[in-house]
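One structure is given here, and the rest of the page talks about it.
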Amino acid sequence: MEFIQNSVLPHFNYWVYVILMMIGLYAMITKKNLVKKLIGMTIFQTAIILFYVSIGVKTGSTIPILEHHAEEHGEAVTDTGGHHEEAPGEHESHDSIHAVDPDHFANPLPHVLMLTAIVVGVSTLGVALAISQSIYKDFGTLEEHEILEKIKQGGPGIDV
Amino acid sequence: MSEQLPAILLLSPLFGALITGLVGMTDHRRCFPILATALTVSLFCAISLLAQVVKSGPIDYFVGGWDPQRVPLGIGIQLRIDGINALLLVVITTVALLTSIYSIRRAGEENTEKTPQFYMLSQMLCVGLLGITVTADAFNLFVLVEVSSLTSYALVAMGSKPRGTMAAFNYIIMGTIGASFYLLGVGYLYMKTGMLNMAAIHQILSDPNVGHSPTVYVAFILILVGVWTKMAFFPLYGWLPNAYSYCPSTTSCLLAPLMTKVSVYVMIRVMLSVFGSEWIFQSLGWSHTVVWLACIAIVAGSVLALAQVELKKMLCYLIVAEVGYMVGGAWLANHWGMVGAIYHILSDAFMTLCLFIAANIFIKNRRAERIDQLEGLFKKMPITTTGFVIGALAMIGVPPTAGFFSKWYLLRGGIESGQWGYVVALLISSLVNAILFFRIFEVAYFGKNPVESHDAHHDHEDETQPSSVGDSTLFSGEGRPTTVIPLLITAAIIVLLGVFNGPIVEIIQQALDGMPVVGAAIR
Amino acid sequence: MKWLGLIATAFTGILLLSATPYFPSFGDPNSPANAGVNGGVSVSQYYITETYTDTKVPNIVTAVLADYRGYDTMFETVVIFAAGVAIFAILRSFGGTTIPSHPTAIDTSVEGDHQRIIIGMTCKLIIPVIQLFALYVVAHGHHSPGGGFQGGVILGASFILMALAKELDTALARFSEKRYLALACVGIFIYSGFGLLCVALERNFLDYGILHRLMPATDEIMARSHSMLGVEVGVAFTVTAIMFAIYANLSSKGRLEQGF
């Protein structure tokens, strides 16, 4: 119990990420079906996204977009309604926003990095699906052991 | 304009790929000139960068103009070119250019309707590899690794062989695991340092409070395992042999020399610029363990190569052994080991290219996929076989080829650091290479010429007719000039690289001296 | 293999968990990633406090994505583009295959007709709205959550919806293969073109500030903001095209014809 309170709870997200990552990795290594492997790959990549986003969390902070902050905390903004329509280039809003307290905003960098990682993950998944479709066209199956069997036998169109 | 060279170096193949996409689709003959122009511009940039680095030290390039004079370091993305990666840039562009000459006709034959796609993918692969080499940002490196990996998956899967597609699937799974581990490692580092710029991370890690945190150790392990997967270090090599031997020949000539070498460079880069040699060799103290792993990799790669009957498979297992050389050299924790590993990256790229081009010509013209089918090659294809012999001698380590000198530096490093296991492994591997290649020489030189197996004869007649050398009897068995010329250039480069090893080692040493903390640990 | 996998997974898990107790606690605003180490420079705090003075863009994520780390984002777009080309290279098959399409797969009964009418009408109504929203997300990425990737995906989804609701051919008639491949190239051209313009004006690659010389009535800072919109549009082009390309190729086994 003490262990859970001291080690697990303060790092709850990190424990969840490790478990997700293990599920994904296990599926990628041991599953025989190619699509199941790809599902494992997606879980793996999602776990990494969870990890990164967890780094950037700050308690009591909001999304890293400045005008929201100015409205919510009312820092030097008198008429909230007018402020939103204001062109961001004008100077009075500039001064009010410049005095931002970084603790009020979530860390933007992990979000940016994960946007990249998501895109990379989608691209990899797309290519992997295309490859598995092409495997299905050649071998007529997506089960790894059956494919290996067919390669061993050297069926039609498969040169050994 | 000269300060913009790092950007142009990368943009030139990228624009090449885009222009191919726009104008190459309708007319496939336009693809090659675009590729050749793009790569020549890149090669020119790489050479002038190398000259600049040799003259006036490392070059820093801040993308987006976020340089430390205006903002703190690490806000934007930095590119850094020192002697080592400037050399590597020249190697990458040269290899790509030679492969592109080789592919003039082959690409069209192997991917009839998808020639423009092949050219686009190979140019984007170059963008990725060049970008990996120059970047000084840990996360940017991941993105570029993905650019190069994604294109190489596609290049492997493009072939018509079903086994190649299956190999590409395994490659994609292993490649994704490797890249994801690297990404996780960078995440751990970011969590502890709040930085992504390599130099900035290094600066923070030199504080022992941060540097000795278990998180940083785990980060290092993750990055190392990730990069090892990408470079096919011994227990993680499973994807390589099939992927490189069942893919189209043009692809294998492009991937085999470059992918693993660039991954080895990434490892060296991470070791030297992110963690620093002091941290690696003194705080971590795993030098011996990793060198033993490398010894296992060398011996296992050589033994597995000995067991192969197919020529290309054998070469693939030799790559696994060569990766062991470089990892071991880099982890010897002394100056000559590191110099040897870096020099070996350069020479091994050309040796592998030479052997793969030759093997592909054999397969194409003689249908000789297995070693015992190479009978009588010296008589039929004297020029191609000469190229092959030079590559093979370099692989064995015969002076004055580049392979001899890289092995020499590695051995010197091994002896100086007292890692006798590594020295013995290197010698065993050289011996195995000698056995392997002399077996081939024997078959090719003394082997009975099989009574001109009829279909083979047919083939090469089809082959030589259009290539206009068909009349001369001596060269009647040779491949096309477009395939033989790059082979001969590569063979010449191997010899030249060996003869002029002095200046190259000088550049490497100069770059190593300029590294942040390459003090006591490595000197 | 199962045991090997289990051991490898367990080993990785234990390795990762062993570092967990040394992490800064979850949500800590003073963790190194959020506030820098020992009062040193914090990249994240710099972004939060200085983005507006540097670029006049209130959405910090967009600013970091398209300006501070714009080089990353360009290659991210290249990754997408490479995926599109890769799928084309792997799957696309031209004619050749004699498998006829099966028009019988389409339900021609009266009930099926009703369903088609309902679905068709709904899509007719909803697709323009989706596309308009996509353009809003692209153009408003500076001020609210959004940007080129998100907008591009939504725009691509509208075409996928068209293909799902009607037929692939209907969508392809509006967004043919030639067109989407060209659009994907043009997208990256726009992005890297912005970078190259900066080089032509003798600044570093992607240093948008200098582009104020080409834009009337803007200073260096606003030029950054406008250029970010420009590159986001480029990203949206590529993402739209490739998302649809991936769907079209995967759903028809690379033949780009309706029916299996």
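Residue numbering restarts at 1 for every chain of the structure tokens, chains are lettered A, B, ... in their displayed order, and ligands are numbered from 1 as they appear.
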
| task | Could you please tell me, as a ChimeraX atom specification, which residues of chain B have an atom within 9 Å of chain A when using only C-alpha atoms? | result | /B:139,143,146-147,150,153-154,157,161-163,165-166,168-169,172-174,176-177,180,183-184,187-188,190-191

Requested write-out: C-alpha atoms of the selected residues, as an mmCIF file, in the first residue's frame:
```cif
data_model
loop_
_atom_site.group_PDB
_atom_site.id
_atom_site.type_symbol
_atom_site.label_atom_id
_atom_site.label_comp_id
_atom_site.auth_asym_id
_atom_site.auth_seq_id
_atom_site.Cartn_x
_atom_site.Cartn_y
_atom_site.Cartn_z
ATOM 1 C CA PHE B 139 14.363 15.097 -31.894
ATOM 2 C CA VAL B 143 12.157 12.783 -37.748
ATOM 3 C CA GLU B 146 11.822 8.211 -40.064
ATOM 4 C CA VAL B 147 12.161 9.916 -43.455
ATOM 5 C CA LEU B 150 9.967 4.990 -44.444
ATOM 6 C CA TYR B 153 10.746 0.203 -46.363
ATOM 7 C CA ALA B 154 9.051 1.212 -49.573
ATOM 8 C CA ALA B 157 8.856 -3.662 -50.758
ATOM 9 C CA LYS B 161 9.691 -10.851 -55.207
ATOM 10 C CA PRO B 162 7.132 -11.926 -52.610
ATOM 11 C CA ARG B 163 9.909 -12.719 -50.154
ATOM 12 C CA THR B 165 7.636 -7.898 -49.364
ATOM 13 C CA MET B 166 7.704 -10.166 -46.333
ATOM 14 C CA ALA B 168 9.980 -5.403 -45.792
ATOM 15 C CA PHE B 169 7.290 -6.171 -43.244
ATOM 16 C CA ILE B 172 9.129 -2.147 -40.757
ATOM 17 C CA ILE B 173 8.402 -3.854 -37.426
ATOM 18 C CA MET B 174 12.034 -3.885 -36.316
ATOM 19 C CA THR B 176 9.670 0.997 -35.805
ATOM 20 C CA ILE B 177 10.785 -0.652 -32.573
ATOM 21 C CA SER B 180 10.468 4.223 -30.984
ATOM 22 C CA LEU B 183 12.279 8.456 -29.323
ATOM 23 C CA LEU B 184 11.646 7.189 -25.784
ATOM 24 C CA GLY B 187 11.957 11.728 -24.082
ATOM 25 C CA TYR B 188 13.768 10.569 -20.943
ATOM 26 C CA TYR B 190 14.115 15.787 -22.294
ATOM 27 C CA MET B 191 12.403 15.036 -19.015
#
```

| said: Can you tell me which residues surround segment 159-171 of chain C at a distance of at most 10 Å, considering only C-alpha atoms, apart from same-chain residues fewer than 5 positions away, and format the answer as number ranges by chain? | reply: C: 106, 116, 119-124, 126-127, 130-131, 154, 176, 240-241, 243-248, 251-252, 256-259

| said: What are the residues of chain B lining chain C at 8 Å or less? Count only C-alpha atoms, and put the answer as a ChimeraX atom specification. | reply: /B:1,4,7,11,15,18-19,21-22,61-66,72,74-77,114,117-118,120-121,124,140,143-144,146-147,150-151,154-155,157-158,190-195,204,213-215,218

For those residues, write N, CA and C atoms to a file as a compact mmCIF listing (two decimals), in the first residue's frame.
```
# COMPACT_ATOMS: atom_id res chain seq x y z
N MET B 1 26.78 33.34 -50.19
CA MET B 1 26.00 32.12 -50.43
C MET B 1 26.62 30.92 -49.72
N GLN B 4 25.11 29.29 -46.76
CA GLN B 4 23.83 28.60 -46.90
C GLN B 4 24.00 27.16 -47.40
N ALA B 7 21.90 24.17 -45.97
CA ALA B 7 20.49 24.10 -46.39
C ALA B 7 20.38 23.58 -47.81
N LEU B 11 18.23 20.58 -49.49
CA LEU B 11 17.08 20.97 -50.31
C LEU B 11 17.21 20.44 -51.72
N PHE B 15 14.05 18.94 -53.54
CA PHE B 15 13.41 19.54 -54.71
C PHE B 15 13.49 18.59 -55.90
N LEU B 18 10.58 16.39 -55.59
CA LEU B 18 9.31 17.07 -55.91
C LEU B 18 9.17 17.29 -57.40
N ILE B 19 10.28 17.73 -58.03
CA ILE B 19 10.20 17.99 -59.47
C ILE B 19 9.95 16.68 -60.21
N GLY B 21 8.27 14.29 -59.09
CA GLY B 21 6.86 14.01 -58.90
C GLY B 21 5.98 14.82 -59.85
N LEU B 22 6.40 16.03 -60.15
CA LEU B 22 5.55 16.88 -60.99
C LEU B 22 5.74 16.61 -62.48
N TYR B 61 24.88 26.00 -38.17
CA TYR B 61 23.86 26.64 -38.99
C TYR B 61 22.57 26.61 -38.20
N PHE B 62 21.98 27.78 -38.02
CA PHE B 62 20.76 27.83 -37.21
C PHE B 62 19.56 28.04 -38.13
N VAL B 63 18.76 26.99 -38.24
CA VAL B 63 17.59 27.08 -39.12
C VAL B 63 16.61 28.08 -38.53
N GLY B 64 16.04 28.89 -39.39
CA GLY B 64 15.07 29.87 -38.93
C GLY B 64 15.71 31.08 -38.29
N GLY B 65 17.04 31.16 -38.33
CA GLY B 65 17.72 32.33 -37.78
C GLY B 65 17.65 32.43 -36.27
N TRP B 66 17.33 31.32 -35.58
CA TRP B 66 17.28 31.38 -34.11
C TRP B 66 18.64 31.09 -33.55
N PRO B 72 18.35 32.14 -26.57
CA PRO B 72 19.16 31.09 -25.95
C PRO B 72 19.32 29.88 -26.86
N GLY B 74 19.07 26.31 -28.29
CA GLY B 74 18.07 25.25 -28.13
C GLY B 74 16.67 25.71 -28.47
N ILE B 75 16.48 26.99 -28.75
CA ILE B 75 15.14 27.46 -29.11
C ILE B 75 14.78 26.96 -30.50
N GLY B 76 15.72 27.16 -31.41
CA GLY B 76 15.48 26.68 -32.76
C GLY B 76 16.23 25.38 -32.99
N ILE B 77 16.36 25.01 -34.24
CA ILE B 77 17.07 23.77 -34.57
C ILE B 77 18.42 24.13 -35.16
N LYS B 114 6.80 2.19 -62.28
CA LYS B 114 6.96 3.01 -61.08
C LYS B 114 8.34 3.63 -61.01
N GLN B 117 8.53 6.86 -59.10
CA GLN B 117 8.41 6.65 -57.65
C GLN B 117 9.73 6.18 -57.08
N PHE B 118 10.40 5.28 -57.82
CA PHE B 118 11.70 4.81 -57.33
C PHE B 118 12.65 5.99 -57.17
N MET B 120 11.91 9.17 -56.82
CA MET B 120 11.49 10.07 -55.74
C MET B 120 11.90 9.50 -54.39
N LEU B 121 11.64 8.21 -54.21
CA LEU B 121 11.95 7.61 -52.91
C LEU B 121 13.45 7.63 -52.65
N MET B 124 14.45 11.05 -51.61
CA MET B 124 14.05 11.37 -50.25
C MET B 124 14.88 10.59 -49.24
N ASN B 140 14.98 16.21 -33.95
CA ASN B 140 15.03 16.33 -35.40
C ASN B 140 15.65 15.09 -36.01
N VAL B 143 13.01 12.53 -36.58
CA VAL B 143 12.16 12.78 -37.75
C VAL B 143 12.89 12.35 -39.02
N LEU B 144 14.17 12.69 -39.10
CA LEU B 144 14.90 12.35 -40.32
C LEU B 144 15.17 10.86 -40.42
N GLU B 146 13.08 8.74 -39.52
CA GLU B 146 11.82 8.21 -40.06
C GLU B 146 11.70 8.48 -41.56
N VAL B 147 12.19 9.65 -42.01
CA VAL B 147 12.16 9.92 -43.45
C VAL B 147 12.95 8.83 -44.17
N LEU B 150 11.22 5.18 -43.70
CA LEU B 150 9.97 4.99 -44.44
C LEU B 150 10.26 4.78 -45.92
N THR B 151 11.19 5.59 -46.46
CA THR B 151 11.51 5.42 -47.87
C THR B 151 12.20 4.09 -48.10
N ALA B 154 9.74 1.24 -48.28
CA ALA B 154 9.05 1.21 -49.57
C ALA B 154 9.97 0.69 -50.66
N LEU B 155 11.24 1.11 -50.63
CA LEU B 155 12.17 0.67 -51.67
C LEU B 155 12.36 -0.84 -51.62
N ALA B 157 10.11 -2.98 -50.42
CA ALA B 157 8.86 -3.66 -50.76
C ALA B 157 8.47 -3.50 -52.22
N MET B 158 9.13 -2.58 -52.93
CA MET B 158 8.73 -2.30 -54.31
C MET B 158 8.99 -3.46 -55.26
N TYR B 190 14.83 14.51 -22.33
CA TYR B 190 14.11 15.79 -22.29
C TYR B 190 13.51 16.00 -20.92
N MET B 191 13.01 14.92 -20.33
CA MET B 191 12.40 15.04 -19.01
C MET B 191 13.42 15.51 -17.98
N LYS B 192 14.66 15.05 -18.11
CA LYS B 192 15.67 15.40 -17.12
C LYS B 192 16.35 16.73 -17.42
N THR B 193 16.44 17.09 -18.71
CA THR B 193 17.22 18.27 -19.04
C THR B 193 16.36 19.41 -19.57
N GLY B 194 15.18 19.10 -20.09
CA GLY B 194 14.35 20.15 -20.67
C GLY B 194 14.88 20.67 -21.97
N MET B 195 15.80 19.95 -22.59
CA MET B 195 16.43 20.43 -23.82
C MET B 195 16.39 19.36 -24.90
N ILE B 204 24.09 20.27 -19.74
CA ILE B 204 23.36 20.00 -18.51
C ILE B 204 23.79 18.67 -17.90
N SER B 213 21.79 10.59 -12.71
CA SER B 213 20.44 10.13 -12.38
C SER B 213 20.13 8.84 -13.13
N PRO B 214 19.45 7.89 -12.48
CA PRO B 214 19.11 6.64 -13.19
C PRO B 214 18.32 6.89 -14.47
N THR B 215 17.54 7.96 -14.48
CA THR B 215 16.76 8.25 -15.69
C THR B 215 17.69 8.43 -16.89
N VAL B 218 18.94 5.09 -18.06
CA VAL B 218 17.91 4.38 -18.84
C VAL B 218 17.77 5.02 -20.21
```

| said: Should the cut-off be 6 Å, what would the residue list for chain C against chain A look like, counting only C-alpha atoms, as a count of residues only? | reply: 20

| query | When DSSP works through the backbone of this structure, what residues of segment 338-449 of chain B end up as alpha helix (DSSP H), shown as a PyMOL selection string? | reply | chain B and resi 338-366+377-380+382-396+402-417+420-446

| field | Non-local contacts of segment 309-322 of chain B (7 Å; only C-alpha atoms; under 6 positions in same chain excluded) as a PyMOL selection string | value | chain B and resi 232-234+237+241+244-245+297-299+301-302+359+369-371

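Note that the spacing between atom CA of Pro128 of chain C and atom CA of Gln115 of chain C amounts to 20.6 Å.
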